[in-house]
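Here's start_8.txt, which has compact mmCIF, C-alpha atoms:
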```
# COMPACT_ATOMS: atom_id res chain seq x y z
CA MET B 1 9.00 -5.21 13.25
CA VAL B 2 8.09 -8.61 14.62
CA ALA B 3 10.75 -11.29 14.09
CA GLY B 4 9.85 -13.76 16.80
CA GLY B 5 9.50 -16.79 14.52
CA SER B 6 11.62 -19.87 15.07
CA GLY B 7 11.51 -21.41 11.60
CA LYS B 8 9.48 -24.49 12.56
CA ARG B 9 7.34 -24.41 9.42
CA MET B 10 10.31 -23.83 7.13
CA GLY B 11 12.06 -26.92 8.43
CA THR B 12 15.29 -24.91 8.65
CA PRO B 13 17.47 -24.50 11.74
CA LEU B 14 17.50 -20.73 11.19
CA PRO B 15 14.30 -18.65 11.51
CA LYS B 16 13.15 -17.69 8.03
CA GLN B 17 13.63 -13.94 8.52
CA PHE B 18 17.38 -14.62 8.67
CA LEU B 19 17.60 -16.73 5.52
CA LYS B 20 19.51 -15.01 2.75
CA ILE B 21 18.41 -14.24 -0.79
CA ASN B 22 21.14 -12.98 -3.12
CA GLY B 23 23.42 -12.76 -0.08
CA LYS B 24 21.07 -10.50 1.91
CA ALA B 25 18.90 -11.61 4.84
CA ILE B 26 15.15 -11.37 4.28
CA ILE B 27 14.77 -9.11 7.32
CA ILE B 28 17.15 -6.56 5.80
CA TYR B 29 15.03 -6.37 2.63
CA THR B 30 12.02 -5.76 4.86
CA LEU B 31 13.69 -3.05 6.95
CA GLU B 32 14.85 -1.29 3.79
CA LYS B 33 11.24 -1.05 2.57
CA PHE B 34 10.31 0.93 5.68
CA LEU B 35 13.32 3.21 5.32
CA GLU B 36 12.38 3.87 1.71
CA PHE B 37 8.94 4.91 2.96
CA ASP B 38 10.34 7.16 5.71
CA PRO B 39 14.11 7.67 5.98
CA LYS B 40 13.67 8.93 9.59
CA ILE B 41 11.33 6.16 10.79
CA GLU B 42 11.76 4.85 14.35
CA ILE B 43 12.35 1.10 14.21
CA VAL B 44 11.88 -1.39 17.03
CA LEU B 45 12.78 -4.97 16.22
CA VAL B 46 11.25 -7.68 18.40
CA LEU B 47 13.58 -10.67 18.55
CA ASN B 48 13.86 -13.86 20.57
CA ASP B 49 16.79 -13.33 22.95
CA SER B 50 18.53 -16.41 21.57
CA TYR B 51 18.86 -14.74 18.17
CA ILE B 52 20.30 -11.40 19.22
CA GLU B 53 23.83 -12.54 18.58
CA TYR B 54 22.85 -13.81 15.15
CA TRP B 55 21.10 -10.53 14.39
CA GLU B 56 24.27 -8.62 15.24
CA MET B 57 26.21 -10.81 12.86
CA ILE B 58 23.70 -10.08 10.11
CA LEU B 59 24.04 -6.36 10.79
CA ARG B 60 27.83 -6.58 10.43
CA ASP B 61 27.55 -8.68 7.28
CA SER B 62 24.97 -6.52 5.56
CA GLY B 63 26.41 -3.11 6.35
CA PHE B 64 22.89 -2.03 7.42
CA ASP B 65 23.68 0.79 9.84
CA TYR B 66 20.38 2.52 10.56
CA PRO B 67 19.64 2.55 14.32
CA VAL B 68 17.27 -0.27 15.33
CA LYS B 69 16.06 -0.73 18.92
CA ILE B 70 15.72 -4.30 20.11
CA ALA B 71 12.86 -5.66 22.24
CA SER B 72 12.64 -9.22 23.61
CA GLY B 73 10.23 -11.51 21.81
CA GLY B 74 7.52 -13.14 23.91
CA GLU B 75 5.59 -16.37 23.94
CA THR B 76 3.03 -15.27 21.33
CA ARG B 77 2.73 -12.48 18.81
CA PHE B 78 0.68 -10.53 21.34
CA HIS B 79 3.49 -10.70 23.90
CA SER B 80 6.08 -9.77 21.28
CA VAL B 81 4.16 -6.73 20.07
CA LYS B 82 3.46 -5.64 23.66
CA SER B 83 7.18 -5.87 24.33
CA GLY B 84 7.98 -3.83 21.22
CA ILE B 85 5.50 -1.08 22.13
CA THR B 86 7.33 -0.41 25.41
CA LYS B 87 10.40 0.61 23.41
CA LEU B 88 8.56 3.12 21.19
CA GLU B 89 9.29 6.73 22.01
CA GLY B 90 7.44 8.80 19.44
CA GLU B 91 3.74 9.70 19.41
CA SER B 92 2.63 9.04 15.87
CA LEU B 93 1.45 6.25 13.62
CA VAL B 94 2.90 2.84 14.47
CA GLY B 95 3.04 0.08 11.88
CA ILE B 96 3.40 -3.48 13.14
CA HIS B 97 4.95 -5.62 10.46
CA ASP B 98 6.06 -9.24 9.97
CA SER B 99 9.77 -9.36 9.19
CA VAL B 100 9.08 -12.21 6.74
CA ARG B 101 7.11 -9.91 4.43
CA PRO B 102 9.84 -8.19 2.42
CA LEU B 103 7.60 -7.55 -0.61
CA VAL B 104 5.45 -5.04 1.23
CA THR B 105 4.01 -1.76 -0.03
CA VAL B 106 4.08 0.44 3.05
CA ARG B 107 2.70 3.87 2.11
CA ARG B 108 -0.89 2.98 1.26
CA VAL B 109 -1.62 1.62 4.73
CA TYR B 110 -0.02 4.55 6.58
CA ASP B 111 -1.96 6.98 4.40
CA ALA B 112 -5.23 5.29 5.37
CA ALA B 113 -4.25 5.12 9.06
CA GLU B 114 -3.53 8.87 8.97
CA ILE B 115 -7.17 9.41 8.04
CA PHE B 116 -8.89 6.70 10.10
CA GLY B 117 -6.59 6.33 13.13
CA GLY B 118 -5.79 2.78 12.10
CA ALA B 119 -5.73 0.61 8.99
CA VAL B 120 -5.28 -3.06 8.19
CA PRO B 121 -4.35 -4.24 4.67
CA CYS B 122 -6.43 -7.08 3.27
CA VAL B 123 -6.70 -9.01 0.03
CA PRO B 124 -9.63 -11.14 -1.11
CA LEU B 125 -9.37 -14.89 -0.75
CA LYS B 126 -9.22 -16.49 -4.20
CA GLU B 127 -9.80 -20.08 -3.22
CA SER B 128 -12.64 -21.98 -1.61
CA VAL B 129 -12.20 -22.59 2.11
CA ARG B 130 -13.55 -25.06 4.62
CA GLN B 131 -13.76 -24.66 8.37
CA LEU B 132 -12.75 -27.69 10.45
CA ARG B 133 -15.20 -28.87 13.11
CA GLY B 134 -13.77 -31.84 14.95
CA ASP B 135 -13.40 -34.61 12.38
CA GLU B 136 -15.67 -32.84 9.94
CA SER B 137 -15.55 -29.61 7.98
CA LYS B 138 -18.01 -27.19 6.41
CA PRO B 139 -17.64 -24.75 3.53
CA LEU B 140 -17.35 -21.03 4.28
CA ASP B 141 -18.53 -18.25 1.96
CA ARG B 142 -15.19 -17.07 0.60
CA THR B 143 -16.59 -13.79 -0.73
CA LEU B 144 -16.98 -12.69 2.90
CA ILE B 145 -13.41 -13.57 3.86
CA GLN B 146 -10.41 -11.28 3.61
CA ILE B 147 -6.80 -12.30 4.14
CA VAL B 148 -5.15 -9.94 6.61
CA GLN B 149 -1.63 -8.73 5.88
CA THR B 150 0.77 -6.37 7.60
CA PRO B 151 1.78 -3.64 8.33
CA GLN B 152 -1.20 -3.07 10.59
CA VAL B 153 -0.96 0.63 11.38
CA PHE B 154 -2.49 2.47 14.35
CA ARG B 155 -2.00 5.72 16.24
CA SER B 156 0.41 5.05 19.08
CA GLY B 157 -2.16 6.08 21.69
CA ILE B 158 -4.71 3.53 20.45
CA LEU B 159 -2.06 0.84 20.33
CA ARG B 160 -0.68 1.49 23.82
CA LYS B 161 -4.16 1.53 25.33
CA SER B 162 -5.19 -1.66 23.51
CA TYR B 163 -2.12 -3.60 24.60
CA GLU B 164 -2.71 -2.81 28.29
CA THR B 165 -5.05 -5.80 28.26
CA ASN B 166 -4.13 -9.39 29.15
CA TYR B 167 -3.53 -12.06 26.52
CA LYS B 168 -6.46 -13.93 25.02
CA GLY B 169 -6.27 -16.91 22.67
CA THR B 170 -8.33 -15.02 20.10
CA PHE B 171 -5.57 -12.41 19.61
CA THR B 172 -4.20 -13.68 16.31
CA ASP B 173 -3.09 -10.31 15.02
CA ASP B 174 -2.86 -6.68 16.10
CA ALA B 175 -6.28 -5.76 14.73
CA SER B 176 -7.93 -8.36 16.97
CA VAL B 177 -6.28 -6.76 20.03
CA VAL B 178 -7.17 -3.21 19.03
CA GLU B 179 -10.80 -3.96 18.27
CA LYS B 180 -11.17 -5.73 21.63
CA SER B 181 -10.60 -2.26 23.12
CA GLY B 182 -13.62 -0.96 21.26
CA TYR B 183 -11.96 0.54 18.17
CA ASN B 184 -13.34 -0.21 14.74
CA ILE B 185 -10.90 -1.83 12.33
CA LYS B 186 -10.63 -0.12 8.96
CA LEU B 187 -9.73 -2.58 6.19
CA VAL B 188 -7.76 -1.17 3.25
CA GLN B 189 -6.63 -2.78 0.05
CA GLY B 190 -3.49 -4.85 0.54
CA ASP B 191 -1.03 -6.09 -2.02
CA GLU B 192 -1.13 -9.45 -3.82
CA TYR B 193 2.69 -9.53 -3.85
CA ASN B 194 2.95 -9.06 -0.06
CA LEU B 195 3.95 -12.68 0.45
CA LYS B 196 4.42 -14.00 3.99
CA ILE B 197 7.43 -16.27 3.72
CA THR B 198 6.34 -19.28 5.73
CA THR B 199 6.97 -22.48 3.77
CA PRO B 200 9.91 -23.62 1.62
CA GLU B 201 7.68 -22.96 -1.41
CA ASP B 202 7.22 -19.33 -0.33
CA PHE B 203 10.97 -19.01 0.02
CA GLU B 204 11.50 -20.22 -3.56
CA ILE B 205 8.94 -17.72 -4.86
CA ALA B 206 10.45 -14.89 -2.78
CA LYS B 207 13.88 -15.69 -4.21
CA ILE B 208 12.52 -14.98 -7.64
CA LEU B 209 10.45 -11.92 -6.71
CA LEU B 210 13.38 -10.30 -4.87
CA ASN B 211 15.73 -10.90 -7.79
CA PRO B 212 16.96 -7.48 -8.92
CA GLN B 213 16.87 -8.71 -12.52
CA LYS B 214 13.07 -8.74 -12.36
CA PRO B 215 12.36 -5.18 -11.21
CA HIS B 216 8.94 -5.12 -12.92
CA LEU B 217 7.71 -7.60 -10.32
CA HIS B 218 8.34 -5.35 -7.32
CA MET T 1 -11.48 -29.83 -16.53
CA VAL T 2 -13.40 -26.65 -15.84
CA ALA T 3 -12.43 -23.69 -18.03
CA GLY T 4 -15.51 -21.54 -17.77
CA GLY T 5 -13.73 -18.38 -16.60
CA SER T 6 -13.99 -15.17 -18.55
CA GLY T 7 -10.85 -13.38 -17.36
CA LYS T 8 -12.62 -10.59 -15.48
CA ARG T 9 -10.21 -10.62 -12.52
CA MET T 10 -7.12 -10.76 -14.75
CA GLY T 11 -8.18 -7.62 -16.57
CA THR T 12 -7.30 -9.33 -19.85
CA PRO T 13 -9.61 -9.77 -22.85
CA LEU T 14 -8.71 -13.46 -23.00
CA PRO T 15 -9.68 -15.86 -20.18
CA LYS T 16 -6.57 -16.65 -18.15
CA GLN T 17 -6.53 -20.36 -19.01
CA PHE T 18 -5.72 -19.35 -22.60
CA LEU T 19 -2.85 -17.00 -21.77
CA LYS T 20 0.50 -18.33 -22.92
CA ILE T 21 3.66 -18.93 -20.94
CA ASN T 22 6.75 -19.75 -22.96
CA GLY T 23 4.51 -19.98 -26.02
CA LYS T 24 2.18 -22.60 -24.50
CA ALA T 25 -1.35 -21.91 -23.19
CA ILE T 26 -1.82 -22.48 -19.45
CA ILE T 27 -4.62 -24.97 -20.11
CA ILE T 28 -2.25 -27.16 -22.14
CA TYR T 29 0.20 -27.33 -19.22
CA THR T 30 -2.70 -28.38 -17.01
CA LEU T 31 -3.97 -31.07 -19.39
CA GLU T 32 -0.46 -32.47 -19.73
CA LYS T 33 -0.25 -32.97 -15.95
CA PHE T 34 -3.30 -35.24 -16.08
CA LEU T 35 -1.92 -37.20 -19.02
CA GLU T 36 1.35 -37.68 -17.12
CA PHE T 37 -0.69 -39.12 -14.27
CA ASP T 38 -2.72 -41.44 -16.54
CA PRO T 39 -1.88 -41.59 -20.26
CA LYS T 40 -5.33 -43.12 -20.96
CA ILE T 41 -7.39 -40.71 -18.87
CA GLU T 42 -10.80 -39.64 -20.19
CA ILE T 43 -10.87 -35.85 -20.46
CA VAL T 44 -13.94 -33.63 -20.64
CA LEU T 45 -13.27 -29.93 -21.01
CA VAL T 46 -16.05 -27.55 -19.99
CA LEU T 47 -15.83 -24.37 -22.05
CA ASN T 48 -18.00 -21.35 -22.66
CA ASP T 49 -19.41 -21.76 -26.17
CA SER T 50 -17.91 -18.43 -27.23
CA TYR T 51 -14.40 -19.79 -26.69
CA ILE T 52 -14.69 -23.06 -28.61
CA GLU T 53 -13.22 -21.55 -31.74
CA TYR T 54 -10.33 -20.12 -29.74
CA TRP T 55 -9.76 -23.48 -28.05
CA GLU T 56 -9.53 -25.16 -31.46
CA MET T 57 -6.93 -22.61 -32.50
CA ILE T 58 -4.91 -23.37 -29.36
CA LEU T 59 -5.11 -27.09 -30.16
CA ARG T 60 -3.75 -26.50 -33.67
CA ASP T 61 -1.02 -24.18 -32.34
CA SER T 62 0.13 -26.44 -29.54
CA GLY T 63 0.11 -29.76 -31.37
CA PHE T 64 -1.78 -31.25 -28.38
CA ASP T 65 -3.59 -34.15 -30.02
CA TYR T 66 -5.02 -36.22 -27.18
CA PRO T 67 -8.82 -36.61 -27.56
CA VAL T 68 -10.73 -34.11 -25.39
CA LYS T 69 -14.52 -34.06 -25.22
CA ILE T 70 -16.12 -30.62 -24.98
CA ALA T 71 -19.06 -29.69 -22.76
CA SER T 72 -20.80 -26.29 -22.69
CA GLY T 73 -19.96 -24.09 -19.71
CA GLY T 74 -22.88 -22.89 -17.61
CA GLU T 75 -23.76 -19.86 -15.53
CA THR T 76 -21.85 -21.01 -12.43
CA ARG T 77 -19.25 -23.62 -11.61
CA PHE T 78 -22.06 -25.94 -10.52
CA HIS T 79 -23.75 -25.70 -13.91
CA SER T 80 -20.44 -26.18 -15.71
CA VAL T 81 -19.51 -29.30 -13.74
CA LYS T 82 -23.01 -30.70 -14.17
CA SER T 83 -22.66 -30.18 -17.90
CA GLY T 84 -19.27 -31.90 -17.91
CA ILE T 85 -20.55 -34.93 -16.01
CA THR T 86 -23.12 -35.65 -18.73
CA LYS T 87 -20.25 -36.23 -21.17
CA LEU T 88 -18.39 -38.73 -18.97
CA GLU T 89 -18.60 -42.31 -20.16
CA GLY T 90 -16.45 -44.32 -17.77
CA GLU T 91 -17.36 -45.59 -14.31
CA SER T 92 -14.37 -44.77 -12.18
CA LEU T 93 -12.81 -41.95 -10.21
CA VAL T 94 -13.56 -38.51 -11.61
CA GLY T 95 -11.33 -35.54 -10.82
CA ILE T 96 -12.78 -32.07 -11.26
CA HIS T 97 -10.00 -29.59 -11.86
CA ASP T 98 -9.58 -25.87 -12.52
CA SER T 99 -7.81 -25.34 -15.83
CA VAL T 100 -5.93 -22.39 -14.29
CA ARG T 101 -4.05 -24.71 -11.92
CA PRO T 102 -1.19 -26.00 -14.07
CA LEU T 103 1.13 -26.63 -11.12
CA VAL T 104 -0.98 -29.47 -9.77
CA THR T 105 0.17 -32.75 -8.26
CA VAL T 106 -2.55 -35.16 -9.34
CA ARG T 107 -1.69 -38.62 -7.99
CA ARG T 108 -1.98 -38.03 -4.23
CA VAL T 109 -5.62 -36.99 -4.45
CA TYR T 110 -6.65 -39.87 -6.71
CA ASP T 111 -4.88 -42.33 -4.40
CA ALA T 112 -6.87 -41.03 -1.44
CA ALA T 113 -10.14 -41.04 -3.40
CA GLU T 114 -9.50 -44.67 -4.34
CA ILE T 115 -9.57 -45.49 -0.62
CA PHE T 116 -12.26 -43.11 0.63
CA GLY T 117 -14.57 -42.76 -2.39
CA GLY T 118 -13.71 -39.09 -2.64
CA ALA T 119 -10.94 -36.69 -1.65
CA VAL T 120 -10.41 -32.94 -1.61
CA PRO T 121 -6.90 -31.44 -1.42
CA CYS T 122 -6.41 -28.71 1.17
CA VAL T 123 -3.57 -26.58 2.48
CA PRO T 124 -3.48 -24.65 5.76
CA LEU T 125 -4.12 -20.93 5.67
CA LYS T 126 -0.93 -19.09 6.62
CA GLU T 127 -2.36 -15.65 7.13
CA SER T 128 -4.89 -14.16 9.53
CA VAL T 129 -8.36 -13.78 8.09
CA ARG T 130 -11.37 -11.64 8.83
CA GLN T 131 -14.98 -12.32 7.93
CA LEU T 132 -16.98 -9.36 6.60
CA ARG T 133 -20.32 -8.59 8.28
CA GLY T 134 -21.97 -5.64 6.61
CA ASP T 135 -19.67 -2.68 7.18
CA GLU T 136 -17.79 -4.49 9.91
CA SER T 137 -15.57 -7.53 10.11
CA LYS T 138 -14.51 -10.05 12.74
CA PRO T 139 -11.44 -12.24 13.04
CA LEU T 140 -11.73 -15.96 12.27
CA ASP T 141 -9.57 -18.67 13.87
CA ARG T 142 -7.23 -19.43 10.98
CA THR T 143 -6.04 -22.72 12.48
CA LEU T 144 -9.52 -24.10 11.75
CA ILE T 145 -9.53 -22.96 8.12
CA GLN T 146 -8.25 -24.94 5.17
CA ILE T 147 -7.84 -23.63 1.63
CA VAL T 148 -9.53 -25.98 -0.81
CA GLN T 149 -7.74 -26.80 -4.05
CA THR T 150 -8.50 -29.03 -6.99
CA PRO T 151 -8.64 -31.72 -8.36
CA GLN T 152 -11.57 -32.74 -6.19
CA VAL T 153 -11.90 -36.44 -6.89
CA PHE T 154 -14.98 -38.64 -6.41
CA ARG T 155 -16.33 -41.96 -7.64
CA SER T 156 -18.43 -41.26 -10.71
CA GLY T 157 -21.53 -42.73 -9.06
CA ILE T 158 -21.30 -40.34 -6.10
CA LEU T 159 -20.72 -37.41 -8.41
CA ARG T 160 -23.61 -38.20 -10.78
CA LYS T 161 -26.02 -38.68 -7.88
CA SER T 162 -24.88 -35.47 -6.15
CA TYR T 163 -25.25 -33.33 -9.25
CA GLU T 164 -28.87 -34.44 -9.79
CA THR T 165 -29.79 -31.69 -7.33
CA ASN T 166 -30.74 -28.12 -8.22
CA TYR T 167 -28.34 -25.20 -7.85
CA LYS T 168 -27.91 -23.52 -4.48
CA GLY T 169 -25.88 -20.36 -3.81
CA THR T 170 -23.81 -22.25 -1.24
CA PHE T 171 -22.32 -24.53 -3.93
CA THR T 172 -18.91 -22.89 -4.22
CA ASP T 173 -17.03 -26.05 -5.13
CA ASP T 174 -17.64 -29.71 -5.90
CA ALA T 175 -17.19 -30.84 -2.31
CA SER T 176 -20.05 -28.61 -1.19
CA VAL T 177 -22.35 -30.25 -3.76
CA VAL T 178 -21.29 -33.79 -2.87
CA GLU T 179 -21.67 -33.33 0.88
CA LYS T 180 -25.16 -31.86 0.40
CA SER T 181 -26.06 -35.36 -0.83
CA GLY T 182 -24.99 -36.79 2.51
CA TYR T 183 -21.45 -37.89 1.71
CA ASN T 184 -18.60 -37.03 4.05
CA ILE T 185 -15.80 -35.01 2.51
CA LYS T 186 -12.33 -36.43 3.09
CA LEU T 187 -9.68 -33.72 3.17
CA VAL T 188 -6.18 -34.71 2.04
CA GLN T 189 -2.97 -32.75 1.97
CA GLY T 190 -2.78 -30.43 -1.03
CA ASP T 191 0.23 -28.78 -2.55
CA GLU T 192 1.60 -25.31 -1.72
CA TYR T 193 2.65 -24.88 -5.35
CA ASN T 194 -0.83 -25.61 -6.72
CA LEU T 195 -1.40 -21.96 -7.57
CA LYS T 196 -4.78 -20.86 -8.93
CA ILE T 197 -3.90 -18.29 -11.56
CA THR T 198 -6.42 -15.56 -10.87
CA THR T 199 -4.67 -12.18 -10.69
CA PRO T 200 -1.92 -10.59 -12.82
CA GLU T 201 0.43 -11.25 -9.87
CA ASP T 202 -0.37 -14.98 -9.99
CA PHE T 203 0.35 -14.95 -13.71
CA GLU T 204 3.80 -13.44 -13.11
CA ILE T 205 4.58 -16.07 -10.47
CA ALA T 206 3.29 -18.89 -12.71
CA LYS T 207 5.52 -17.66 -15.53
CA ILE T 208 8.49 -18.25 -13.28
CA LEU T 209 7.34 -21.55 -11.80
CA LEU T 210 6.54 -23.02 -15.23
CA ASN T 211 9.92 -21.97 -16.62
CA PRO T 212 11.70 -25.17 -17.71
CA GLN T 213 15.00 -23.67 -16.53
CA LYS T 214 13.80 -24.01 -12.94
CA PRO T 215 12.88 -27.71 -12.83
CA HIS T 216 13.57 -27.96 -9.08
CA LEU T 217 10.50 -25.83 -8.46
CA HIS T 218 8.03 -28.20 -10.10
```

In structure tokens, what does this structure look like?
Amino acid sequence: MVAGGSGKRMGTPLPKQFLKINGKAIIIYTLEKFLEFDPKIEIVLVLNDSYIEYWEMILRDSGFDYPVKIASGGETRFHSVKSGITKLEGESLVGIHDSVRPLVTVRRVYDAAEIFGGAVPCVPLKESVRQLRGDESKPLDRTLIQIVQTPQVFRSGILRKSYETNYKGTFTDDASVVEKSGYNIKLVQGDEYNLKITTPEDFEIAKILLNPQKPHLH
Amino acid sequence: MVAGGSGKRMGTPLPKQFLKINGKAIIIYTLEKFLEFDPKIEIVLVLNDSYIEYWEMILRDSGFDYPVKIASGGETRFHSVKSGITKLEGESLVGIHDSVRPLVTVRRVYDAAEIFGGAVPCVPLKESVRQLRGDESKPLDRTLIQIVQTPQVFRSGILRKSYETNYKGTFTDDASVVEKSGYNIKLVQGDEYNLKITTPEDFEIAKILLNPQKPHLH
């Protein structure tokens, strides 16, 4: 579980994974989704060191008492995930997930990774897109573009081997690291509700979607 | 106002622009946003012929009585917009807008188009993306990609001249047609809330965002 973010885009002093909805931190909602999927799952949380104290406060507040190992967050997502992998003990499927995605459906991706060795959830892009080129921009064919979500799930062996490499600027997600090692990335159907809470607008929408009075939206 | 859609992706028999939220069709919310921006605006609605009767029923139901000219929807968005342009009488700025975007902020884009001759609202992509290539896919640099929204606003002269051309498969939005005529496309900041209601999930979110009891979200 990657929770390295610092809340820059939210404009809040607190990283967004720690913001509360109905009195519960977003990251706790997210962790609960993984425990629902597998009540014995091994969890490693990658955190910036400066937030460890805050995380412990959230744990006390929430009453969440499942064991969670902590790894130190790095400079980029690549460094954070690499740090998290060193704490993993089991040999099985490993899902790497953004802590700011509490509306996740976990099982489908793990099921596909069981078959293919790895799986990455994607949803089609609904809007037109343009690619910036200096001061100009050009349209891209949106039918060929998929939005990549998490969890990105891989066999632990594949993941460990892939993350032995050094950082490259093109490593924007876990799939890009794994495929650099020569593995094919299997795309599986993601979930339209799997919102990545990044902007204040996302936070407002998440507030509504996580409201227990609207269970049909989950 | 382009309302050519047939509702395929929503899985509903009725095109999504006609679905009601709090008893009011989505397209009426959208039209009202443009009237708020300019109470004397000239409106051309591009509709598939088969829905004209339904549209007239919605008009009677809603009590919306501002004059709206109707143009026949075509095979693609390009053909629909081209059809709409033929009905325009004024010489001024023309905004082309998706009727399934009721949460639009209109003024900012028109203000920019007034200065630059044309303007296209964009928001940054928050998620990683992959581009499909046959059975494979490759990561794209998301920091260079902008999601294109509507209204896309241009001087009527630029628009008329640009749409004299014949259809090409690369014409996914109005900007792509206009720039093919040699005009530069000016990107301006769009609006995170300007949701394009495409999937059932979008419809559920729009229901909440259009709820008058949550005015702080508008």

**Request:** Please check which residues have atoms at most 8 Å from (-9.8, -9.5, -2.6) in the file's coordinates, counting all atoms listed in the file, and write them as number ranges by chain.
**Result:** B: 122-126, 146-147, 189

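You can rank B:Lys69, B:Lys207, B:His97, B:Arg130 by their closest distance to Ile185 of chain T using all atoms listed in the file, and at the top of that list sits B:Arg130.
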
**Non-local contacts of Asn166 of chain B (12 Å; only C-alpha atoms; under 6 positions in same chain excluded) as a list of chain:residue names** =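 Surrounding residues, per the criterion: B:Phe78, B:His79, B:Lys82, B:Val177, B:Lys180, B:Ser181.
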
**Asked** Counting only C-alpha atoms, which residues of chain T come no farther than 7 Å from chain B, as a PyMOL selection string?
**Response** chain T and resi 127-132+139+144-148+172-173+176+192-193+201

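Excluding Gly73 of chain B itself and any same-chain residue fewer than 6 positions from it, the protein and nucleic acid residues within 7 Å of it, counting all atoms listed in the file, are Gly4, Val46, Leu47, Asn48, Asp49, Ser80 and Ser83 of chain B.
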
**Request:** Determine, counting all atoms listed in the file, every residue of protein, DNA or RNA that lies within 7 Å of (6.2, 1.4, 0.7) in the file coordinates, then give the result as a PyMOL selection string.
**Result:** chain B and resi 33-34+36-37+104-107

**Item:** Minimum-distance residue to Leu14 of chain B, chosen among B:Val44, B:Val2, B:Thr165, B:Tyr54 (using only C-alpha atoms)
**Value:**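 Among the listed residues, the smallest separation from Leu14 of chain B belongs to B:Tyr54.
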
**Request:** Show which residues sit within 8 Å of Phe18 of chain B, as number ranges by chain. Count all atoms listed in the file, and ignore same-chain residues fewer than 3 positions away.
**Result:** B: 14-15, 25-27, 55, 58

**Asked** Any idea what's packed within 7 Å of segment 152-163 of chain T, counting only C-alpha atoms, ignoring anything in its chain fewer than 2 positions away? Could you give it as a VMD selection string?
**Response** chain T and resid 82 85 91 to 97 109 to 110 113 117 to 121 150 165 174 177 to 178 181

**Prompt:** atom CA of Asp65 of chain B and atom CA of Val81 of chain B are how many Å apart?
**Reply:**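 Between atom CA of Asp65 of chain B and atom CA of Val81 of chain B the gap is 23.3 Å.
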
**Request:** Could you tell me which of T:Gln17, T:Ser62, T:Thr30, T:Asn22 comes closest to Pro151 of chain T if we count only C-alpha atoms?
**Result:** T:Thr30

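In this structure, atom CA of Val188 of chain B sits 7.3 Å away from atom CA of Ala112 of chain B.
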
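As for atom CA of Lys87 of chain T and atom CA of Asp61 of chain T, they are spaced 25.3 Å apart.
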